[in-house]
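Remarks on the structure that follows.
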Amino acid sequence: MSQGLRRKFLAGIAAGVALAPWLIASDARAQAAAKTTITFAGVTFSEAGRGDKLRAWVDKFNKSQDKIEVQSVGLPFATFANTMFTQMGGGGGPDLIRFDTIDFYAAVPAGRLLPFDDYIKDADYKFSAPNDYLKSNGKRYGMAFEISNYVMMYNPALLKDGKVPATFDELLAVTKAATGNGIFGYAYRATMAERNGFWQDLCNFVFGFGGRWGDGTNLTLNSPKVVEGIAAYKRMYESGAIPKGADAATYRRMFWESKVAIEVDNGGVAGIFNQQAPNLAFMAAPSPFPTRAQGLILAPLTVNANTKNKDAAFTFIKWALQPDNQKELQDLLGASSVATAVPRSAEDLAKKPWLKVYDDQTANAVPQLVQGFEVRTPELQQIIIEQVLKVLQGGMDPQKAMDEAQELGLAKMKK
Amino acid sequence: MSALPNALRITTVLALLVLAGFPFYWMFVTSLTPSSQLFASTPQFWPVWSEAGVYREAFQKIPVATWLLNSLIVAAGTTILALSIALFPAYALSRFKFAGKGVMGLSLFATQMLPEAMLVVPLYALFGQFNLLNTLTALILANTAFTVPVVVWILKGAIDGVPEEIEEAARIDGCSPAGIVWRIILPLIAPTLAAASVIAFFHGWNEYVFAQTLVSSESLRTASVGLAGFVGELSTPIHTVMSIAVIYTVPAIIFYLFVQKYVVGGMTAGGVKG
């Protein structure tokens with residue numbers, strides 16, 4: 001490589017740096033435009049398929065306004081909550097945030113969110129029941145952006161004799177039979193790297209076996225039904241039917257490519273499969289656990305307490321709550337539902353038979369929180385997951401692990 | 001090593017080369033593997049060239065070029081600023097005796113013990129006060145702050161290796177202190193400057209936490225954040241991620257190729273005084 005060429009290269013770098021102020025200036029110019037620009041951050045904007053449709057939905061709002069513009073900001077799921085809390089802690093952050101439930105419950109007591117009550121009256125909208133979980137001390141701090149149930153999704157082509165499991169023992173047998181030749185019978189998360197996803201999958205097992213993390217007043221981390229659910233999680237882990245270590249994005253793709261036979265997953269995933277892999281003939285059925293209770297994804301749309309554009313933020317929320325916009329949002333989200341009840345069309349139900357299975361699950365949906373300790377769920381989640389990892393990877397007895405979890409949890413709650 | 005037979009040396013070097021290069025090759029092959037083959041029980045070791053359209057799509061449908069330009073500005077800005085700032089304390093630590101010299105040196109080291117995640121909230125608030133949020137300048141400044149201490153120590157080691165007699169001679173010939181640094185020291189430590197520039201450049205190029213937190217505008221997004229943005233909650237487009245990862249790696253390799261001639265000499269410079 002000649003000296004001259006090297007010098008030109010380095011000069012190029014210097015020229016690149018010289019471009020920085022221009023870019024910064026152009027951004028400043030954009031901000032100085034006549035419209036009030038607010039930002040709306042959410043992981044959904046980053047998702048293949050749903051992300052583009054969601055941006056188009058936001059653009060529809062922008063076209064309807066001459067004084068407000070909403071800029072959508074897609075961020076990675078893994079670091080979303082950390083980034084939001086960092087920005088909010090530093091006095092900034094996006095104006096509108098689509099949080100996950102657990103992060104919502106961390107943000108409310110920290111005073112990070114604006115109450116809706118001055119702008120949105122519950123009486124003016126037909127909010128569905130899960131929206132009540134978004135109130136704290138009688139004040140509403142969010143509206144449901146996406147409500148999604150969990151059911152069992154399966155690929156009929158991979159099930160031996162087409163048998164769909166209805167009990168947990170059948171699930172173990174069917175998934176073991178389907179495993180082999182690069183195909184896995186079942187998939188779920190069991191690593192700290194995917195803490196929130198692990199928690200969601202674990203809640204499905206525990207709730208399905210009739211357990212709850214709390215009874216509304218006391219912690220019940222070591223109650224028999226919780227321990228039964230965790231023992232079942234361990235049985236599946238040791239069955240040889242799961243791709244251990246595969247993250248959700250990978251095993252969902254494997255399901256899409258007919259390499260995984262069964263998973264218990266939410267309606268958003270079903271929607272993505274339907275949009276992105278139209279040839280995948282998947283089906284859905286209630287999860288094969290002793291009870292029908294399963295987790296509920298409740299992703300609220302919230303307003304950052306640091307916003308300097310309160311009116312603009314709530315103008316967007318009011319627009320989002322209009323019936324036509326709710327229907328459009330529900331359609332693009334897949335098998336999820338939205339803040340207000342929007343009936344599915346007969347045509348949709350006929351084309352997507354799994355939609356009804358997801359919708360029917362609503363009556364048995366339980367938020368993935370520690371009942372009675374909702375605000376402290378993130379701390380308890382950490383304890384529970386660490387103990388369950390000892391069961392899965394360290395061979396600890398589930399009862400002993402959860403007894404320890406109960407003790408640790410009680411000690412934590414006293415602080 | 002010289003006692004080893006040539007064949008063994010070549011085999012060892014080739015084995016190390018494969019070990020180092022395979023992850024990149026695997027990334028490339030995965031980007032060009034048809035969807036149906038992605039999870040095949042027998043892995044695909046050769047690219048399927050008919051899948052190359054994924055690279056065209058990356059540039060047509062995704063603002064990869066903008067992300068790369070932003071990353072280049074941040075990395076180059078960090079490199080230039082860090083080297084410019086670090087030269088003076090490095091020279092002072094090497095040549096001058098003053099009270100608190102040891103404390104200053106240790107303090108520089110201590111900054112390396114603070115993780116980025118710990119400083120990101122106060123930095124966010126600080127940059128907010130100065131209206132620097134959502135600018136590439138913020139990223140250049142934050143990365144420079146983290147890079148300067150390392151660069152100072154690298155340059156100090158190199159300056160230690162330059163005999164003071166050379167400076168004396170220049171001084172007698174009428175060269176000013178700044179002239180000594182510019183005309184005498186800098187050319188003599190050029191290999192170390194190259195090595196330090198590699199460290200600073202790669203820090204700026206790869207950095208994620210600041211880039212994710214201090215910048216929210218999608219037009220100012222760097223490639224590290226843009227790439228991570230594809231790892232979604234519910235799905236991840238593997239071909240897109242792998243193709244962008246390959247594209248993201250190439251400029252860094254090119255930069256290294258340009259400066260690698262100096263790097264080995266620079267890395268060892270200052271290791272031996274005299």
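Every chain in the structure tokens has a letter given in the order shown (A, B, ...), and although residue numbers restart at 1 in each chain, ligands are simply numbered from 1 in the order shown.
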
Which polymer residues have any atom within 10 Å of an atom of Gly211 in chain A, counting only C-alpha atoms, with same-chain residues fewer than 2 positions away left out, as a list in words? Cys203, Asn204, Phe205, Val206, Phe207, Gly208, Phe209, Trp213, Gly214, Asp215, Thr220, Leu221, Asn222, Ser223, Pro224, Lys225, Val226, Val227, Glu228, Gly229, Ile230, Thr291 and Ala293 of chain A

What's around Lys259 in chain A at 9 Å? Count only C-alpha atoms, leave out sequence neighbours fewer than 4 positions away in its own chain, and write the answer as a list in words. Leu158, Gly182, Ile183, Phe184, Gly185, Tyr251, Arg253, Met254 and Phe255 of chain A; Phe39 and Ala40 of chain B

Dump as a PDB file, in the first residue's frame, selection limited to C-alpha atoms:
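See selection-v6.pdb below for the written result:
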```pdb
ATOM      1  CA  LEU A 158     -44.285 -32.246  12.537  1.00  0.00           C
ATOM      2  CA  GLY A 182     -32.570 -31.499  13.116  1.00  0.00           C
ATOM      3  CA  ILE A 183     -36.119 -30.959  14.382  1.00  0.00           C
ATOM      4  CA  PHE A 184     -36.945 -30.087  17.981  1.00  0.00           C
ATOM      5  CA  GLY A 185     -40.263 -30.888  19.611  1.00  0.00           C
ATOM      6  CA  TYR A 251     -36.247 -20.742  17.782  1.00  0.00           C
ATOM      7  CA  ARG A 253     -37.333 -18.664  13.114  1.00  0.00           C
ATOM      8  CA  MET A 254     -36.826 -22.410  13.499  1.00  0.00           C
ATOM      9  CA  PHE A 255     -40.579 -22.822  13.999  1.00  0.00           C
TER      10      PHE A 255
ATOM     11  CA  PHE B  39     -31.333 -24.616  10.417  1.00  0.00           C
ATOM     12  CA  ALA B  40     -30.440 -27.697   8.409  1.00  0.00           C
TER      13      ALA B  40
END
```

Give me the residues of chain B that have any atom at most 7 Å from an atom of chain A; for each, the nearest atom pair and the distance in Å, rounded to one decimal. Use only C-alpha atoms, sort by chain and number, and format it as a tab-separated table.
```
residue	atom	partner	partner_atom	distance
B:Ser36	CA	A:Glu257	CA	6.2
B:Phe39	CA	A:Met254	CA	6.7
B:Ala40	CA	A:Gly182	CA	6.4
B:Ser41	CA	A:Gly182	CA	4.7
B:Ile73	CA	A:Val17	CA	4.9
B:Ala76	CA	A:Ile13	CA	5.9
B:Gly77	CA	A:Val17	CA	5.5
B:Val121	CA	A:Gly90	CA	5.3
B:Pro122	CA	A:Gly90	CA	6.5
B:Tyr124	CA	A:Gly90	CA	5.5
B:Ala125	CA	A:Gly90	CA	4.4
B:Thr135	CA	A:Ile24	CA	5.6
B:Leu136	CA	A:Ala20	CA	6.7
B:Thr213	CA	A:Thr83	CA	5.7
B:Glu218	CA	A:Val73	CA	6.9
B:Ala228	CA	A:Pro76	CA	5.9
B:Gly229	CA	A:Pro76	CA	4.4
B:Phe230	CA	A:Ser46	CA	5.9
B:Val231	CA	A:Pro76	CA	5.9
B:Gly232	CA	A:Glu47	CA	5.3
B:Glu233	CA	A:Phe77	CA	5.1
B:Leu234	CA	A:Val269	CA	5.9
B:Ser235	CA	A:Ala249	CA	4.7
B:Thr236	CA	A:Ala249	CA	5.3
B:Pro237	CA	A:Ala48	CA	6.7
B:Phe258	CA	A:Arg6	CA	6.2
```

Selection from above, N, CA and C atoms, as a short mmCIF file (atom, residue, chain, number, x, y, z; two decimals), in the first residue's frame, can you write it?
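selection-v4.cif written:
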```cif
data_model
loop_
_atom_site.label_atom_id
_atom_site.label_comp_id
_atom_site.auth_asym_id
_atom_site.auth_seq_id
_atom_site.Cartn_x
_atom_site.Cartn_y
_atom_site.Cartn_z
N SER B 36 -34.45 -21.87 3.92
CA SER B 36 -34.78 -23.27 4.19
C SER B 36 -33.57 -24.05 4.70
N PHE B 39 -31.37 -23.74 9.24
CA PHE B 39 -31.33 -24.62 10.42
C PHE B 39 -31.21 -26.08 10.02
N ALA B 40 -30.62 -26.31 8.86
CA ALA B 40 -30.44 -27.70 8.41
C ALA B 40 -29.49 -28.43 9.36
N SER B 41 -29.71 -29.73 9.54
CA SER B 41 -28.86 -30.47 10.48
C SER B 41 -27.42 -30.55 9.97
N ILE B 73 -17.72 8.91 11.01
CA ILE B 73 -17.51 10.25 11.59
C ILE B 73 -17.15 10.13 13.07
N ALA B 76 -13.62 8.32 13.42
CA ALA B 76 -12.52 9.18 12.98
C ALA B 76 -12.40 10.39 13.91
N GLY B 77 -13.53 10.95 14.30
CA GLY B 77 -13.52 12.09 15.22
C GLY B 77 -12.89 11.72 16.54
N VAL B 121 -25.81 7.95 32.62
CA VAL B 121 -26.88 8.85 33.10
C VAL B 121 -26.33 10.27 33.31
N PRO B 122 -25.24 10.43 34.11
CA PRO B 122 -24.72 11.80 34.26
C PRO B 122 -24.28 12.41 32.93
N TYR B 124 -25.59 11.84 30.04
CA TYR B 124 -26.83 12.21 29.33
C TYR B 124 -27.33 13.56 29.84
N ALA B 125 -27.35 13.70 31.19
CA ALA B 125 -27.83 14.95 31.78
C ALA B 125 -26.92 16.12 31.39
N THR B 135 -26.67 14.47 18.82
CA THR B 135 -25.66 14.94 17.87
C THR B 135 -24.49 13.94 17.88
N LEU B 136 -23.80 13.90 16.77
CA LEU B 136 -22.62 13.01 16.70
C LEU B 136 -21.48 13.59 17.54
N THR B 213 -27.90 5.59 23.65
CA THR B 213 -28.57 6.42 24.65
C THR B 213 -28.55 7.91 24.29
N GLU B 218 -33.09 8.71 14.13
CA GLU B 218 -32.68 7.55 13.31
C GLU B 218 -31.69 7.97 12.23
N ALA B 228 -28.08 -3.65 15.86
CA ALA B 228 -28.76 -4.26 17.02
C ALA B 228 -30.27 -4.07 16.93
N GLY B 229 -30.69 -3.01 16.25
CA GLY B 229 -32.11 -2.73 16.12
C GLY B 229 -32.89 -3.83 15.43
N PHE B 230 -32.20 -4.67 14.68
CA PHE B 230 -32.89 -5.75 13.98
C PHE B 230 -33.18 -6.95 14.88
N VAL B 231 -32.53 -6.97 16.03
CA VAL B 231 -32.79 -8.08 16.95
C VAL B 231 -34.05 -7.72 17.73
N GLY B 232 -35.16 -8.19 17.24
CA GLY B 232 -36.45 -7.77 17.76
C GLY B 232 -36.93 -8.62 18.93
N GLU B 233 -38.05 -8.18 19.50
CA GLU B 233 -38.66 -8.91 20.61
C GLU B 233 -39.25 -10.23 20.12
N LEU B 234 -39.84 -10.18 18.94
CA LEU B 234 -40.56 -11.35 18.47
C LEU B 234 -39.86 -12.05 17.31
N SER B 235 -39.05 -11.35 16.55
CA SER B 235 -38.38 -12.00 15.43
C SER B 235 -37.11 -11.26 15.06
N THR B 236 -36.21 -11.95 14.38
CA THR B 236 -34.96 -11.35 13.92
C THR B 236 -34.70 -11.79 12.48
N PRO B 237 -34.63 -10.84 11.55
CA PRO B 237 -34.34 -11.23 10.16
C PRO B 237 -32.86 -11.60 10.01
N PHE B 258 -4.78 -0.38 6.33
CA PHE B 258 -4.02 0.83 6.04
C PHE B 258 -2.98 1.14 7.10
#
```

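The space between CA of Glu165 in chain B and CA of Leu193 in chain B spans 21.5 Å.
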
Excluding Phe373 in chain A and any residue of its chain fewer than 5 positions from it, enumerate the residues within 9 Å of it, using only C-alpha atoms, and give them as a ChimeraX atom specification. /A:214,216-219,380,413

Saved selection, atoms kept: N, CA and C atoms, as a PDB file, in the first residue's frame:
```
ATOM      1  N   GLY A 214     -47.996 -14.595  44.019  1.00  0.00           N
ATOM      2  CA  GLY A 214     -48.490 -13.953  45.232  1.00  0.00           C
ATOM      3  C   GLY A 214     -49.999 -14.120  45.296  1.00  0.00           C
ATOM      4  N   GLY A 216     -52.004 -11.743  46.510  1.00  0.00           N
ATOM      5  CA  GLY A 216     -52.562 -10.402  46.647  1.00  0.00           C
ATOM      6  C   GLY A 216     -52.069  -9.716  47.908  1.00  0.00           C
ATOM      7  N   THR A 217     -51.718 -10.524  48.915  1.00  0.00           N
ATOM      8  CA  THR A 217     -51.217  -9.964  50.177  1.00  0.00           C
ATOM      9  C   THR A 217     -49.842 -10.543  50.511  1.00  0.00           C
ATOM     10  N   ASN A 218     -49.701 -11.838  50.292  1.00  0.00           N
ATOM     11  CA  ASN A 218     -48.443 -12.520  50.658  1.00  0.00           C
ATOM     12  C   ASN A 218     -47.758 -13.093  49.421  1.00  0.00           C
ATOM     13  N   LEU A 219     -46.448 -13.251  49.566  1.00  0.00           N
ATOM     14  CA  LEU A 219     -45.701 -13.956  48.509  1.00  0.00           C
ATOM     15  C   LEU A 219     -45.998 -15.452  48.625  1.00  0.00           C
ATOM     16  N   LEU A 380     -38.383  -9.185  42.389  1.00  0.00           N
ATOM     17  CA  LEU A 380     -38.748 -10.579  42.669  1.00  0.00           C
ATOM     18  C   LEU A 380     -38.453 -11.464  41.465  1.00  0.00           C
ATOM     19  N   MET A 413     -38.658  -7.729  50.393  1.00  0.00           N
ATOM     20  CA  MET A 413     -39.864  -6.915  50.539  1.00  0.00           C
ATOM     21  C   MET A 413     -39.865  -6.115  51.836  1.00  0.00           C
TER      22      MET A 413
END
```

Go through range 226-358 of chain A and collect every residue that DSSP, computed from the backbone, puts in helix (DSSP H, G or I); the answer should be as a PyMOL selection string. chain A and resi 226-237+248-256+267-276+310-320+323-333+346-351+354-358

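The protein and nucleic acid residues lying at most 12 Å from Glu57 in chain B are Glu51, Pro63, Val64, Ala65, His239, Thr240, Val241, Ser243 and Ile244 of chain B, with only C-alpha atoms considered and sequence neighbours fewer than 6 positions away removed.
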
How would the residues just picked look written out with N, CA and C atoms as a PDB file, in the first residue's frame?
```pdb
ATOM      1  N   GLU B  51     -28.230 -15.809  -3.608  1.00  0.00           N
ATOM      2  CA  GLU B  51     -28.867 -15.084  -2.495  1.00  0.00           C
ATOM      3  C   GLU B  51     -28.258 -13.699  -2.291  1.00  0.00           C
ATOM      4  N   PRO B  63     -31.128   2.215   5.725  1.00  0.00           N
ATOM      5  CA  PRO B  63     -30.134   3.302   5.590  1.00  0.00           C
ATOM      6  C   PRO B  63     -28.734   2.896   6.071  1.00  0.00           C
ATOM      7  N   VAL B  64     -28.237   1.768   5.563  1.00  0.00           N
ATOM      8  CA  VAL B  64     -26.925   1.278   6.009  1.00  0.00           C
ATOM      9  C   VAL B  64     -25.817   2.285   5.687  1.00  0.00           C
ATOM     10  N   ALA B  65     -25.914   2.908   4.510  1.00  0.00           N
ATOM     11  CA  ALA B  65     -24.860   3.858   4.116  1.00  0.00           C
ATOM     12  C   ALA B  65     -24.801   5.017   5.118  1.00  0.00           C
ATOM     13  N   HIS B 239     -30.889 -13.030   7.772  1.00  0.00           N
ATOM     14  CA  HIS B 239     -30.105 -12.652   6.581  1.00  0.00           C
ATOM     15  C   HIS B 239     -29.740 -11.174   6.600  1.00  0.00           C
ATOM     16  N   THR B 240     -30.722 -10.364   6.998  1.00  0.00           N
ATOM     17  CA  THR B 240     -30.472  -8.920   7.043  1.00  0.00           C
ATOM     18  C   THR B 240     -29.394  -8.616   8.075  1.00  0.00           C
ATOM     19  N   VAL B 241     -29.515  -9.216   9.242  1.00  0.00           N
ATOM     20  CA  VAL B 241     -28.541  -8.958  10.313  1.00  0.00           C
ATOM     21  C   VAL B 241     -27.146  -9.381   9.865  1.00  0.00           C
ATOM     22  N   SER B 243     -25.952  -9.848   6.779  1.00  0.00           N
ATOM     23  CA  SER B 243     -25.402  -9.077   5.666  1.00  0.00           C
ATOM     24  C   SER B 243     -24.939  -7.705   6.154  1.00  0.00           C
ATOM     25  N   ILE B 244     -25.714  -7.086   7.039  1.00  0.00           N
ATOM     26  CA  ILE B 244     -25.292  -5.771   7.551  1.00  0.00           C
ATOM     27  C   ILE B 244     -24.052  -5.937   8.433  1.00  0.00           C
TER      28      ILE B 244
END
```

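Coordinates place CA of Ala166 in chain A at a distance of 26.7 Å from CA of Arg344 in chain A.
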
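Secondary structure from DSSP on the backbone puts strand (DSSP E or B) at the following positions of range 74-173 of chain A: Gly74, Leu96, Ile97, Arg98, Leu113, Phe127, Lys135, Ser136, Lys139, Arg140, Met143, Ala144, Phe145, Glu146, Ile147, Ser148, Asn149, Tyr150, Val151, Met152, Met153 and Tyr154 of chain A.
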
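Reported to one decimal place, the separation of CA of Leu408 in chain A from CA of Ala106 in chain A is 19.6 Å.
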
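Nearest to Leu155 in chain B of all the residues B:Ala86, B:Ile140, B:Leu123, B:Ile180 is B:Ala86, counting only C-alpha atoms.
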
Need to verify the contact set: Gln330 in chain A, 10 Å, only C-alpha atoms, exclusion of same-chain residues closer than 3 positions in sequence. Can you return it as JSON, numbers by chain? {"A": [145, 146, 147, 324, 325, 326, 327, 333, 334, 335, 336, 337, 338, 339, 340, 341, 342, 343, 344]}
